[in-house]
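Take a look at the structure below.
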Amino acid sequence: MKRATVMSITEARANLLTVAERFERPKAAPIEVTKRGKPIMMLVPVDTYEAMAETLEIFADEKMVAGIRQGLEDIAAGRTIPWEQAKVRL
């Protein structure tokens, strides 16, 4: 993910249409909105938000996380099968 642009709340309010248009571009960077110099919120494109929500959903599922960990351990230990063999099994 690209580094966030910092923008005051006054700038964000004055440039809301520009911010929205910016988020229509692929891989748009988030915007950190500040008030009196302190960060108060992040604006992110919808695709970024959806990806984050999906990731959080996966991490909330203990069985899924355990399966991912096991898969990574299997790969690291060389416990894999060739794609052609896996394709036949499927």
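Naming scheme: A, B, ... for chains in displayed order of the structure tokens; residues 1 onward per chain; ligands 1 onward as shown.
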Would you mind listing what lies within 12 Å of Arg36 of chain A as a ChimeraX atom specification, with only C-alpha atoms counted and same-chain residues fewer than 6 positions away left out? /A:7-10
Expected file: the selected residues, C-alpha atoms, as a short mmCIF file (atom, residue, chain, number, x, y, z; two decimals), in the first residue's frame:
```
data_model
loop_
_atom_site.label_atom_id
_atom_site.label_comp_id
_atom_site.auth_asym_id
_atom_site.auth_seq_id
_atom_site.Cartn_x
_atom_site.Cartn_y
_atom_site.Cartn_z
CA MET A 7 -4.34 16.57 4.75
CA SER A 8 -5.99 18.86 7.27
CA ILE A 9 -9.71 18.48 7.81
CA THR A 10 -10.16 21.94 6.28
#
```
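Distance-wise, atom CA of Lys63 of chain A and atom CA of Tyr49 of chain A end up 23.6 Å apart.
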Run DSSP on the backbone of this structure and report the residues of chain A it assigns to helix (DSSP H, G or I), as a PyMOL selection string. chain A and resi 9-14+16-23+46-60+62-76+83-89
Dump as a PDB file, in the first residue's frame, selection limited to C-alpha atoms:
```pdb
ATOM      1  CA  ILE A   9      -9.705  18.484   7.807  1.00  0.00           C
ATOM      2  CA  THR A  10     -10.162  21.942   6.285  1.00  0.00           C
ATOM      3  CA  GLU A  11      -8.298  20.858   3.131  1.00  0.00           C
ATOM      4  CA  ALA A  12     -10.243  17.589   2.972  1.00  0.00           C
ATOM      5  CA  ARG A  13     -13.563  19.400   3.246  1.00  0.00           C
ATOM      6  CA  ALA A  14     -12.596  21.970   0.613  1.00  0.00           C
ATOM      7  CA  LEU A  16     -13.776  16.459  -1.199  1.00  0.00           C
ATOM      8  CA  LEU A  17     -14.600  16.098  -4.897  1.00  0.00           C
ATOM      9  CA  THR A  18     -10.897  15.969  -5.773  1.00  0.00           C
ATOM     10  CA  VAL A  19     -10.318  13.355  -3.065  1.00  0.00           C
ATOM     11  CA  ALA A  20     -13.197  11.243  -4.425  1.00  0.00           C
ATOM     12  CA  GLU A  21     -11.820  11.486  -7.968  1.00  0.00           C
ATOM     13  CA  ARG A  22      -8.373  10.526  -6.706  1.00  0.00           C
ATOM     14  CA  PHE A  23      -9.829   7.352  -5.184  1.00  0.00           C
ATOM     15  CA  VAL A  46     -13.428   1.259  -1.221  1.00  0.00           C
ATOM     16  CA  ASP A  47     -11.284  -1.568  -2.656  1.00  0.00           C
ATOM     17  CA  THR A  48      -8.705  -1.031   0.110  1.00  0.00           C
ATOM     18  CA  TYR A  49     -11.425  -1.016   2.767  1.00  0.00           C
ATOM     19  CA  GLU A  50     -12.979  -4.209   1.393  1.00  0.00           C
ATOM     20  CA  ALA A  51      -9.602  -5.965   1.321  1.00  0.00           C
ATOM     21  CA  MET A  52      -8.930  -4.932   4.920  1.00  0.00           C
ATOM     22  CA  ALA A  53     -12.387  -6.111   6.045  1.00  0.00           C
ATOM     23  CA  GLU A  54     -11.881  -9.465   4.311  1.00  0.00           C
ATOM     24  CA  THR A  55      -8.462  -9.880   5.929  1.00  0.00           C
ATOM     25  CA  LEU A  56      -9.913  -9.160   9.363  1.00  0.00           C
ATOM     26  CA  GLU A  57     -12.663 -11.702   8.717  1.00  0.00           C
ATOM     27  CA  ILE A  58     -10.065 -14.342   7.846  1.00  0.00           C
ATOM     28  CA  PHE A  59      -7.984 -13.587  10.948  1.00  0.00           C
ATOM     29  CA  ALA A  60     -11.111 -13.858  13.115  1.00  0.00           C
ATOM     30  CA  GLU A  62      -9.195 -19.521  14.130  1.00  0.00           C
ATOM     31  CA  LYS A  63      -9.571 -22.655  11.989  1.00  0.00           C
ATOM     32  CA  MET A  64      -8.708 -20.757   8.829  1.00  0.00           C
ATOM     33  CA  VAL A  65      -5.649 -19.141  10.442  1.00  0.00           C
ATOM     34  CA  ALA A  66      -4.503 -22.540  11.710  1.00  0.00           C
ATOM     35  CA  GLY A  67      -4.863 -23.945   8.182  1.00  0.00           C
ATOM     36  CA  ILE A  68      -2.849 -21.089   6.719  1.00  0.00           C
ATOM     37  CA  ARG A  69      -0.103 -21.574   9.327  1.00  0.00           C
ATOM     38  CA  GLN A  70      -0.022 -25.312   8.634  1.00  0.00           C
ATOM     39  CA  GLY A  71       0.215 -24.674   4.900  1.00  0.00           C
ATOM     40  CA  LEU A  72       3.116 -22.274   5.372  1.00  0.00           C
ATOM     41  CA  GLU A  73       4.894 -24.787   7.608  1.00  0.00           C
ATOM     42  CA  ASP A  74       4.339 -27.508   4.994  1.00  0.00           C
ATOM     43  CA  ILE A  75       5.800 -25.317   2.258  1.00  0.00           C
ATOM     44  CA  ALA A  76       8.823 -24.412   4.406  1.00  0.00           C
ATOM     45  CA  TRP A  83       0.691 -28.810  -9.575  1.00  0.00           C
ATOM     46  CA  GLU A  84      -0.083 -31.494 -12.173  1.00  0.00           C
ATOM     47  CA  GLN A  85      -0.622 -34.048  -9.407  1.00  0.00           C
ATOM     48  CA  ALA A  86      -2.799 -31.643  -7.384  1.00  0.00           C
ATOM     49  CA  LYS A  87      -4.862 -30.860 -10.495  1.00  0.00           C
ATOM     50  CA  VAL A  88      -5.582 -34.567 -11.007  1.00  0.00           C
ATOM     51  CA  ARG A  89      -6.725 -34.886  -7.381  1.00  0.00           C
TER      52      ARG A  89
END
```
Would you return as a count of residues only the members of chain A that DSSP assigns to strand (DSSP E) on this structure's backbone? 15
Point-to-point distance from atom CA of Lys2 of chain A to atom CA of Glu24 of chain A, Å rounded to tenths: 15.0 Å
